[in-house]
>>> print(open('protein-v5.cif').read())   # mmCIF, C-alpha atoms
data_query
loop_
_atom_site.label_atom_id
_atom_site.label_comp_id
_atom_site.auth_asym_id
_atom_site.auth_seq_id
_atom_site.Cartn_x
_atom_site.Cartn_y
_atom_site.Cartn_z
CA MET E 1 0.00 0.00 0.00
CA LEU E 2 1.05 3.60 -0.56
CA ASP E 3 1.00 6.42 1.99
CA ARG E 4 0.19 10.01 1.02
CA ASP E 5 3.87 10.80 0.57
CA GLY E 6 4.44 7.76 -1.62
CA THR E 7 5.89 5.57 1.15
CA VAL E 8 5.19 1.86 0.72
CA TYR E 9 3.82 0.05 3.79
CA GLY E 10 2.06 -3.19 4.62
CA GLY E 11 2.14 -6.23 6.88
CA PRO E 12 -0.14 -8.94 8.26
CA MET E 13 -2.84 -6.49 9.37
CA TYR E 14 -3.31 -5.50 5.72
CA TYR E 15 -2.91 -8.83 3.93
CA ILE E 16 -5.13 -10.53 6.53
CA SER E 17 -7.95 -7.99 6.21
CA LYS E 18 -7.75 -7.52 2.43
CA GLY E 19 -6.88 -11.12 1.60
CA LEU E 20 -9.69 -12.63 3.66
CA LYS E 21 -12.12 -10.02 2.31
CA ALA E 22 -11.31 -11.23 -1.21
CA LYS E 23 -12.11 -14.78 -0.09
CA GLY E 24 -15.48 -13.78 1.38
CA PHE E 25 -14.42 -13.48 5.04
CA LYS E 26 -14.61 -9.70 5.36
CA THR E 27 -15.70 -9.47 9.02
CA PHE E 28 -13.44 -12.28 10.17
CA GLY E 29 -10.53 -10.69 8.30
CA LYS E 30 -11.05 -7.34 10.01
CA ILE E 31 -11.21 -8.95 13.45
CA ALA E 32 -8.13 -11.13 12.87
CA ALA E 33 -6.17 -8.14 11.50
CA ALA E 34 -7.13 -5.97 14.49
CA VAL E 35 -6.15 -8.75 16.92
CA PHE E 36 -2.78 -9.08 15.23
CA ALA E 37 -2.24 -5.31 15.37
CA VAL E 38 -2.99 -5.23 19.11
CA PHE E 39 -0.55 -8.05 19.84
CA CYS E 40 2.08 -6.52 17.53
CA ILE E 41 1.90 -3.27 19.49
CA GLY E 42 2.29 -5.28 22.69
CA GLY E 43 5.21 -7.15 21.12
CA SER E 44 6.87 -3.88 20.17
CA PHE E 45 6.59 -2.68 23.78
CA GLY E 46 7.80 -6.03 25.16
CA GLY E 47 10.13 -8.22 23.10
CA GLY E 48 11.11 -5.51 20.67
CA ASN E 49 11.73 -2.89 23.32
CA ALA E 50 11.63 -3.65 27.06
CA ALA E 51 13.45 -6.98 26.69
CA GLN E 52 16.14 -5.32 24.58
CA SER E 53 16.75 -2.48 27.05
CA ASN E 54 16.70 -5.05 29.86
CA GLN E 55 19.52 -7.10 28.29
CA ALA E 56 21.52 -3.99 27.40
CA THR E 57 21.19 -2.78 30.99
CA ILE E 58 22.37 -6.12 32.36
CA VAL E 59 25.67 -6.04 30.46
CA ILE E 60 26.24 -2.32 31.12
CA LYS E 61 25.70 -2.77 34.86
CA GLU E 62 28.04 -5.76 34.87
CA LEU E 63 30.73 -3.90 32.92
CA PHE E 64 30.78 -1.02 35.41
CA ASP E 65 29.91 -3.20 38.41
CA TRP E 66 26.76 -1.20 39.22
CA GLN E 67 24.66 -2.95 41.84
CA SER E 68 22.07 -0.32 42.72
CA THR E 69 18.48 -0.59 41.45
CA ALA E 70 18.53 3.05 40.35
CA ALA E 71 21.32 2.28 37.86
CA GLY E 72 18.86 0.35 35.70
CA ALA E 73 16.48 3.30 35.48
CA ILE E 74 19.35 5.68 34.62
CA VAL E 75 20.56 3.40 31.82
CA GLY E 76 16.97 3.11 30.60
CA ILE E 77 16.57 6.89 30.44
CA VAL E 78 19.81 7.24 28.45
CA LEU E 79 18.68 4.53 26.01
CA ALA E 80 15.24 6.14 25.74
CA VAL E 81 16.82 9.49 24.86
CA LEU E 82 19.02 7.85 22.22
CA VAL E 83 16.13 5.95 20.64
CA GLY E 84 13.88 9.01 20.96
CA ILE E 85 16.36 11.14 19.02
CA ILE E 86 16.04 8.66 16.16
CA ILE E 87 12.30 7.84 16.11
CA ILE E 88 10.98 11.28 17.18
CA GLY E 89 13.78 13.66 16.30
CA GLY E 90 14.16 12.15 12.85
CA ILE E 91 17.96 12.08 13.10
CA LYS E 92 18.55 9.15 10.74
CA ARG E 93 22.33 9.38 10.80
CA ILE E 94 22.54 7.43 14.08
CA ALA E 95 20.27 4.75 12.65
CA GLN E 96 22.38 4.58 9.48
CA VAL E 97 25.57 4.19 11.52
CA THR E 98 23.91 1.45 13.58
CA GLU E 99 22.84 -0.37 10.41
CA LYS E 100 26.45 -0.40 9.20
CA VAL E 101 28.07 -1.28 12.52
CA VAL E 102 25.66 -4.06 13.59
CA PRO E 103 26.58 -6.49 10.75
CA PHE E 104 30.26 -5.94 11.59
CA MET E 105 29.59 -6.64 15.28
CA ALA E 106 27.62 -9.76 14.33
CA VAL E 107 30.58 -11.08 12.33
CA MET E 108 32.95 -10.28 15.20
CA TYR E 109 30.59 -12.04 17.63
CA ILE E 110 30.55 -15.16 15.47
CA VAL E 111 34.37 -15.10 15.21
CA ALA E 112 34.65 -14.81 19.01
CA CYS E 113 32.22 -17.72 19.48
CA LEU E 114 34.17 -19.85 16.99
CA TYR E 115 37.41 -19.06 18.82
CA ILE E 116 35.98 -20.26 22.15
CA ILE E 117 34.31 -23.32 20.62
CA LEU E 118 37.36 -24.41 18.61
CA SER E 119 39.64 -23.75 21.60
CA ASN E 120 37.57 -26.37 23.42
CA PHE E 121 37.15 -28.66 20.40
CA SER E 122 37.13 -31.84 22.48
CA LEU E 123 34.08 -30.60 24.40
CA ILE E 124 31.88 -29.88 21.38
CA ASP E 125 30.36 -33.35 21.15
CA ASP E 126 29.71 -33.36 24.91
CA ALA E 127 28.05 -29.93 24.68
CA ILE E 128 25.79 -30.98 21.80
CA ALA E 129 24.89 -34.21 23.62
CA LEU E 130 23.99 -32.25 26.76
CA ILE E 131 21.80 -29.82 24.77
CA VAL E 132 19.92 -32.65 23.06
CA ARG E 133 19.53 -34.60 26.30
CA GLU E 134 18.23 -31.63 28.27
CA ALA E 135 15.86 -30.67 25.44
CA PHE E 136 13.93 -33.85 26.17
CA ASN E 137 14.28 -33.62 29.94
CA PRO E 138 11.27 -31.73 31.36
CA THR E 139 12.90 -31.30 34.77
CA ALA E 140 15.58 -29.12 33.18
CA ILE E 141 13.19 -26.18 32.91
CA GLY E 142 10.93 -26.89 35.83
CA VAL E 143 7.92 -28.23 33.96
CA GLY E 144 6.46 -31.68 34.31
CA SER E 145 5.51 -32.59 30.75
CA LEU E 146 6.86 -32.73 27.21
CA ILE E 147 4.13 -30.27 26.19
CA GLY E 148 5.56 -27.75 28.65
CA VAL E 149 9.02 -28.21 27.13
CA LEU E 150 7.65 -27.71 23.62
CA LEU E 151 5.77 -24.56 24.63
CA VAL E 152 8.92 -23.05 26.13
CA GLY E 153 10.80 -24.00 22.97
CA PHE E 154 8.17 -22.42 20.72
CA LYS E 155 8.19 -19.20 22.73
CA ARG E 156 11.96 -18.95 22.68
CA ALA E 157 12.09 -19.68 18.95
CA ALA E 158 9.39 -17.10 18.20
CA PHE E 159 11.20 -14.53 20.33
CA SER E 160 14.55 -15.27 18.73
CA ASN E 161 13.72 -15.12 15.02
CA GLU E 162 10.03 -14.06 14.88
CA ALA E 163 9.42 -16.77 12.27
CA GLY E 164 5.67 -17.03 11.74
CA ALA E 165 4.93 -14.07 13.98
CA GLY E 166 4.50 -11.73 11.01
CA SER E 167 6.48 -8.81 12.40
CA ALA E 168 9.35 -9.02 9.92
CA SER E 169 6.91 -8.99 6.99
CA ILE E 170 6.01 -5.41 7.97
CA ALA E 171 9.58 -4.40 7.07
CA HIS E 172 9.76 -6.59 3.98
CA SER E 173 6.47 -5.18 2.69
CA ALA E 174 8.10 -1.75 2.41
CA VAL E 175 10.54 -3.04 -0.23
CA ARG E 176 9.82 -2.18 -3.86
CA THR E 177 10.18 -5.37 -5.89
CA LYS E 178 8.69 -6.81 -9.06
CA TYR E 179 8.22 -10.24 -7.48
CA SER E 180 6.93 -10.43 -3.90
CA ALA E 181 8.11 -14.04 -3.59
CA SER E 182 11.72 -12.91 -4.04
CA GLU E 183 11.50 -10.87 -0.84
CA GLY E 184 9.98 -13.86 0.93
CA LEU E 185 12.95 -16.00 -0.03
CA VAL E 186 15.32 -13.31 1.26
CA ALA E 187 13.41 -13.38 4.56
CA LEU E 188 14.17 -17.10 4.93
CA LEU E 189 17.80 -16.22 5.67
CA GLU E 190 16.87 -14.38 8.88
CA PRO E 191 15.85 -17.40 11.02
CA PHE E 192 18.85 -19.34 9.76
CA ILE E 193 21.43 -16.67 10.66
CA ASP E 194 19.71 -15.71 13.92
CA THR E 195 18.78 -19.08 15.39
CA VAL E 196 20.75 -21.77 13.59
CA VAL E 197 24.04 -19.85 13.57
CA ILE E 198 24.22 -17.19 16.30
CA CYS E 199 21.95 -18.78 18.94
CA THR E 200 23.51 -22.23 18.52
CA MET E 201 27.00 -20.81 18.88
CA THR E 202 25.97 -18.85 21.97
CA ALA E 203 24.47 -21.99 23.51
CA LEU E 204 27.65 -23.98 22.86
CA VAL E 205 29.80 -21.25 24.43
CA ILE E 206 27.66 -21.17 27.59
CA VAL E 207 27.50 -24.97 27.89
CA ILE E 208 31.27 -25.29 27.42
CA PHE E 209 31.71 -22.56 30.04
CA ASN E 210 29.47 -24.58 32.37
CA PHE E 211 31.66 -27.66 31.93
CA GLY E 212 34.33 -25.73 33.81
CA GLY E 213 32.07 -25.71 36.87
CA PHE E 214 31.83 -21.94 36.88
CA PHE E 215 28.14 -21.59 37.70
CA GLU E 216 25.19 -23.21 39.41
CA TYR E 217 21.59 -23.06 38.31
CA GLY E 218 19.52 -20.76 40.47
CA GLY E 219 16.07 -22.09 39.65
CA ASP E 220 13.25 -20.17 37.98
CA GLY E 221 13.81 -17.23 35.67
CA GLY E 222 17.04 -18.48 34.11
CA VAL E 223 19.18 -17.16 36.98
CA VAL E 224 22.55 -18.80 37.57
CA TYR E 225 25.15 -18.12 40.26
CA ILE E 226 28.76 -17.44 39.33
CA ASP E 227 31.14 -16.97 42.26
CA GLY E 228 28.06 -16.66 44.46
CA LEU E 229 26.59 -13.75 42.47
CA PRO E 230 23.37 -14.00 40.41
CA PHE E 231 23.56 -13.61 36.63
CA GLU E 232 20.91 -13.88 33.95
CA GLY E 233 20.39 -13.39 30.22
CA ALA E 234 23.24 -11.64 28.42
CA GLY E 235 25.17 -11.43 31.69
CA ILE E 236 25.84 -15.18 31.55
CA THR E 237 27.19 -14.89 28.00
CA SER E 238 29.38 -11.98 29.07
CA LYS E 239 30.95 -14.03 31.86
CA ALA E 240 31.53 -16.95 29.49
CA PHE E 241 33.30 -14.69 26.98
CA ALA E 242 35.40 -13.05 29.69
CA GLU E 243 36.67 -16.46 30.81
CA TYR E 244 38.27 -17.17 27.43
CA ILE E 245 38.86 -13.76 25.79
CA PRO E 246 40.47 -10.88 27.74
CA TYR E 247 38.48 -7.62 27.73
CA SER E 248 35.69 -9.28 25.77
CA ASN E 249 33.19 -7.79 28.22
CA VAL E 250 33.74 -4.38 26.62
CA PHE E 251 33.19 -5.77 23.12
CA LEU E 252 30.14 -7.76 24.17
CA THR E 253 28.61 -4.77 25.96
CA ILE E 254 28.97 -2.62 22.84
CA ALA E 255 27.58 -5.43 20.67
CA VAL E 256 24.55 -6.04 22.91
CA VAL E 257 23.76 -2.31 23.13
CA LEU E 258 24.01 -1.91 19.35
CA PHE E 259 21.87 -4.98 18.76
CA ALA E 260 19.35 -3.70 21.30
CA VAL E 261 19.13 -0.19 19.81
CA SER E 262 18.84 -1.48 16.23
CA THR E 263 16.13 -3.94 17.32
CA MET E 264 14.22 -1.21 19.15
CA ILE E 265 14.35 1.02 16.07
CA SER E 266 13.01 -1.82 13.91
CA TRP E 267 10.24 -2.75 16.33
CA SER E 268 9.21 0.88 16.75
CA TYR E 269 8.41 0.79 13.03
CA TYR E 270 6.48 -2.50 13.34
CA GLY E 271 4.47 -1.24 16.28
CA LEU E 272 3.84 2.15 14.71
CA GLN E 273 2.44 0.58 11.54
CA SER E 274 0.09 -1.55 13.66
CA TRP E 275 -0.86 1.53 15.70
CA LYS E 276 -1.65 3.42 12.49
CA PHE E 277 -3.80 0.54 11.29
CA LEU E 278 -5.92 0.82 14.43
CA PHE E 279 -5.93 4.57 15.08
CA GLY E 280 -5.25 6.20 11.72
CA ARG E 281 -2.21 7.86 10.20
CA GLY E 282 -2.34 11.20 12.00
CA LYS E 283 0.69 12.86 13.60
CA THR E 284 -0.92 13.07 17.05
CA ALA E 285 -1.63 9.33 17.13
CA ASP E 286 1.94 8.65 15.99
CA MET E 287 3.39 10.78 18.78
CA VAL E 288 1.27 9.01 21.42
CA TYR E 289 2.67 5.66 20.31
CA LYS E 290 6.28 6.90 20.26
CA ILE E 291 6.01 8.33 23.79
CA LEU E 292 4.55 5.04 25.08
CA PHE E 293 7.32 3.16 23.29
CA LEU E 294 10.03 5.24 24.98
CA MET E 295 8.39 4.74 28.37
CA PHE E 296 8.76 0.99 27.92
CA VAL E 297 12.48 1.43 27.24
CA VAL E 298 12.84 2.76 30.80
CA ILE E 299 10.44 0.16 32.24
CA GLY E 300 12.41 -2.67 30.62
CA ALA E 301 15.71 -1.39 31.97
CA ALA E 302 14.40 -1.02 35.51
CA ALA E 303 12.22 -4.16 35.74
CA SER E 304 13.27 -7.74 36.47
CA MET E 305 14.14 -9.98 33.58
CA GLY E 306 11.52 -12.60 34.51
CA SER E 307 8.53 -10.26 34.35
CA ILE E 308 9.71 -8.64 31.10
CA TRP E 309 10.21 -11.96 29.36
CA LYS E 310 6.82 -13.31 30.42
CA PHE E 311 5.08 -10.29 28.92
CA SER E 312 7.26 -10.39 25.79
CA ASP E 313 6.69 -14.11 25.25
CA ALA E 314 2.93 -13.70 25.63
CA MET E 315 2.68 -10.87 23.08
CA ILE E 316 4.96 -12.33 20.40
CA PHE E 317 3.54 -15.83 20.80
CA ALA E 318 -0.01 -14.45 20.51
CA MET E 319 0.87 -12.69 17.23
CA ILE E 320 1.41 -16.06 15.60
CA PHE E 321 -2.22 -17.21 15.78
CA PRO E 322 -4.01 -14.55 13.68
CA ASN E 323 -1.05 -14.45 11.30
CA MET E 324 -1.06 -18.21 10.82
CA VAL E 325 -4.81 -18.20 10.15
CA GLY E 326 -4.23 -15.61 7.44
CA LEU E 327 -1.28 -17.50 5.96
CA PHE E 328 -3.24 -20.77 5.90
CA LEU E 329 -6.24 -19.25 4.11
CA LEU E 330 -4.04 -17.25 1.73
CA PHE E 331 -1.68 -20.14 0.93
CA PRO E 332 -3.00 -20.46 -2.67
CA VAL E 333 -2.08 -16.81 -3.28
CA VAL E 334 1.44 -17.37 -1.90
CA LYS E 335 1.83 -20.49 -4.03
CA LYS E 336 0.74 -18.57 -7.13
CA GLN E 337 3.23 -15.76 -6.48
CA LEU E 338 6.05 -18.24 -5.88
CA LYS E 339 5.25 -20.04 -9.14
CA ARG E 340 5.23 -16.68 -10.97
CA TYR E 341 8.68 -15.86 -9.60
CA LEU E 342 10.15 -19.30 -10.36
CA ASP E 343 8.73 -19.19 -13.91
CA ALA E 344 10.41 -15.80 -14.42
CA ILE E 345 13.74 -17.27 -13.24
CA ARG E 346 13.37 -20.22 -15.64
CA LEU E 347 12.61 -17.92 -18.55
CA LYS E 348 15.63 -15.75 -17.77
CA THR E 349 17.86 -18.83 -17.38
CA ASN E 350 16.68 -20.31 -20.68
CA ALA E 351 17.23 -16.96 -22.42
CA ILE E 352 20.83 -16.84 -21.15
CA GLU E 353 21.48 -20.44 -22.23
CA ASP E 354 20.07 -19.78 -25.71
#
>>> encode(input="protein-v5.cif", output="structure tokens")
Amino acid sequence: MLDRDGTVYGGPMYYISKGLKAKGFKTFGKIAAAVFAVFCIGGSFGGGNAAQSNQATIVIKELFDWQSTAAGAIVGIVLAVLVGIIIIGGIKRIAQVTEKVVPFMAVMYIVACLYIILSNFSLIDDAIALIVREAFNPTAIGVGSLIGVLLVGFKRAAFSNEAGAGSASIAHSAVRTKYSASEGLVALLEPFIDTVVICTMTALVIVIFNFGGFFEYGGDGGVVYIDGLPFEGAGITSKAFAEYIPYSNVFLTIAVVLFAVSTMISWSYYGLQSWKFLFGRGKTADMVYKILFLMFVVIGAAASMGSIWKFSDAMIFAMIFPNMVGLFLLFPVVKKQLKRYLDAIRLKTNAIED
């Protein structure tokens, strides 16, 4: 769809409502699209915002050894100002710098993970075996059934790569392309790089670190104790890196903050598009959303990790249901577009060969 200024926008709230209307489910399509938009806004406040500022705050506090509760709020305010300058002030240069630096940091992060993993090559098979074994051990996460394990796995996967949640399609819909299926194929790379590569490497680093007997599990909420002190989330990864790479805590802190800020910028766009779908495309409505978004940056930095993740999981996981209903009913359309794209590739290939 086109905005007044010629900007292209879209996402599940539009293809659900318009797609289902074309199939004779007008009312159902409107309801499903509105439900998705509500959960997407919640996801932008939670997983795309509060959880990001929470993890950034954890590594910053650890780097400077800040123990006070007020430190989290102060970090949150600083992050909120930085993000606010970009999404309200319209200063795109910071966002452009972040876009260029983040891929570099991602490559450096992978290199650091590979260094730690290959330095402990003999422990790789033991680490993989432990991960597989614990994946099918319900007691490992405090639930008493395989269904509970699967639910936790689904929530973590949805949070990690957003596959099926529909949020990333809001960004991809803004791309001008002759074949929509080509952008869909590009999107397939995201879960692979995020979950299969980066998350797997992070897990192996932490498990190998655990083999050294450095930490004890602290129970609910993912808290572990290292040298008698509680650590959670990115803080555990930071300690694992520091054990094998000198001064890596500085690098990891910068990486986590950059990842967090870039993710918040992206999710502010996702949430804003959903907000506009519900409340119109006026400037006042936009400003209300942006102010609420920045408030959640501070809330995420000051709140406990457990409460933030529960809210984030609930919102992102809930987004999947209306989106999946839309994808299921619109599958013939997707199949048709994919066939159109593949036919175009075949024609171009045959033309080159001739």
>>> residues_around(input="protein-v5.cif", residues="range 32-44 of chain E", least_positions_apart="3", cutoff="8 Å", atoms="only C-alpha atoms", output="list in words")
Pro12, Met13, Tyr14, Ile16, Ser17, Phe28, Gly29, Gly47, Gly48, Asn49, Ser167, Met264, Trp267, Ser268, Tyr270, Gly271, Leu272, Ser274, Trp275, Phe277, Leu278, Phe293, Ser312, Met315, Ile316, Ala318, Met319, Pro322 and Asn323 of chain E
>>> resolve_selection(input="protein-v5.cif", expression="the PyMOL selection byres ((chain E and resi 231-239) around 8)", output="mmCIF file with C-alpha atoms, keeping the file's coordinate frame")
data_model
loop_
_atom_site.group_PDB
_atom_site.id
_atom_site.type_symbol
_atom_site.label_atom_id
_atom_site.label_comp_id
_atom_site.auth_asym_id
_atom_site.auth_seq_id
_atom_site.Cartn_x
_atom_site.Cartn_y
_atom_site.Cartn_z
ATOM 1 C CA GLN E 55 19.520 -7.100 28.290
ATOM 2 C CA ALA E 56 21.520 -3.990 27.400
ATOM 3 C CA ILE E 58 22.370 -6.120 32.360
ATOM 4 C CA VAL E 59 25.670 -6.040 30.460
ATOM 5 C CA GLU E 62 28.040 -5.760 34.870
ATOM 6 C CA THR E 202 25.970 -18.850 21.970
ATOM 7 C CA VAL E 205 29.800 -21.250 24.430
ATOM 8 C CA ILE E 206 27.660 -21.170 27.590
ATOM 9 C CA GLY E 222 17.040 -18.480 34.110
ATOM 10 C CA VAL E 223 19.180 -17.160 36.980
ATOM 11 C CA VAL E 224 22.550 -18.800 37.570
ATOM 12 C CA TYR E 225 25.150 -18.120 40.260
ATOM 13 C CA ILE E 226 28.760 -17.440 39.330
ATOM 14 C CA LEU E 229 26.590 -13.750 42.470
ATOM 15 C CA PRO E 230 23.370 -14.000 40.410
ATOM 16 C CA ALA E 240 31.530 -16.950 29.490
ATOM 17 C CA PHE E 241 33.300 -14.690 26.980
ATOM 18 C CA ALA E 242 35.400 -13.050 29.690
ATOM 19 C CA GLU E 243 36.670 -16.460 30.810
ATOM 20 C CA SER E 248 35.690 -9.280 25.770
ATOM 21 C CA ASN E 249 33.190 -7.790 28.220
ATOM 22 C CA LEU E 252 30.140 -7.760 24.170
ATOM 23 C CA THR E 253 28.610 -4.770 25.960
ATOM 24 C CA VAL E 256 24.550 -6.040 22.910
ATOM 25 C CA MET E 305 14.140 -9.980 33.580
#
>>> atom_distance(input="protein-v5.cif", atom1="CA of Val196 in chain E", atom2="CA of Val257 in chain E")
21.9 Å
>>> resolve_selection(input="protein-v5.cif", expression="the PyMOL selection byres ((chain E and resi 155-163) around 10)", output="ChimeraX atom specification")
/E:43,47-48,150-154,164-169,187-188,190-196,199,309-310,312-320
>>> closest_atom_pairs(input="protein-v5.cif", of="range 245-323 of chain E", to="range 67-89 of chain E", cutoff="8 Å", atoms="all atoms listed in the file", output="JSON lines")
{"residue": "E:Val261", "atom": "CA", "partner": "E:Val83", "partner_atom": "CA", "distance": 6.9}
{"residue": "E:Met264", "atom": "CA", "partner": "E:Val83", "partner_atom": "CA", "distance": 7.6}
{"residue": "E:Ile265", "atom": "CA", "partner": "E:Val83", "partner_atom": "CA", "distance": 7.0}
{"residue": "E:Ser268", "atom": "CA", "partner": "E:Ile87", "partner_atom": "CA", "distance": 7.6}
{"residue": "E:Met287", "atom": "CA", "partner": "E:Ile88", "partner_atom": "CA", "distance": 7.8}
{"residue": "E:Lys290", "atom": "CA", "partner": "E:Ile88", "partner_atom": "CA", "distance": 7.1}
{"residue": "E:Leu294", "atom": "CA", "partner": "E:Ala80", "partner_atom": "CA", "distance": 5.3}
{"residue": "E:Met295", "atom": "CA", "partner": "E:Ala80", "partner_atom": "CA", "distance": 7.5}
{"residue": "E:Val297", "atom": "CA", "partner": "E:Ala80", "partner_atom": "CA", "distance": 5.7}
{"residue": "E:Val298", "atom": "CA", "partner": "E:Gly76", "partner_atom": "CA", "distance": 4.1}
{"residue": "E:Ile299", "atom": "CA", "partner": "E:Gly76", "partner_atom": "CA", "distance": 7.4}
{"residue": "E:Gly300", "atom": "CA", "partner": "E:Gly76", "partner_atom": "CA", "distance": 7.4}
{"residue": "E:Ala301", "atom": "CA", "partner": "E:Gly76", "partner_atom": "CA", "distance": 4.9}
{"residue": "E:Ala302", "atom": "CA", "partner": "E:Gly72", "partner_atom": "CA", "distance": 4.7}
>>> residues_around(input="protein-v5.cif", residues="Phe211 in chain E", least_positions_apart="5", cutoff="10 Å", atoms="only C-alpha atoms", output="PDB file with C-alpha atoms, keeping the file's coordinate frame")
ATOM      1  CA  LEU E 123      34.080 -30.600  24.400  1.00  0.00           C
ATOM      2  CA  ASP E 126      29.710 -33.360  24.910  1.00  0.00           C
ATOM      3  CA  ALA E 127      28.050 -29.930  24.680  1.00  0.00           C
ATOM      4  CA  ILE E 206      27.660 -21.170  27.590  1.00  0.00           C
TER       5      ILE E 206
END
>>> resolve_selection(input="protein-v5.cif", expression="the PyMOL selection byres ((chain E and resi 183) around 12)", output="NGL selection string")
:E and (168-182 or 184-190 or 337-338 or 341)
>>> atom_distance(input="protein-v5.cif", atom1="CA of Gly306 in chain E", atom2="CA of Asn54 in chain E")
10.3 Å
>>> atom_distance(input="protein-v5.cif", atom1="CA of Cys113 in chain E", atom2="CA of Ser307 in chain E")
28.9 Å
>>> closest_residue(input="protein-v5.cif", among="E:Phe331, E:Phe279, E:Tyr109, E:Tyr244", to="Val197 in chain E", atoms="only C-alpha atoms")
E:Tyr109
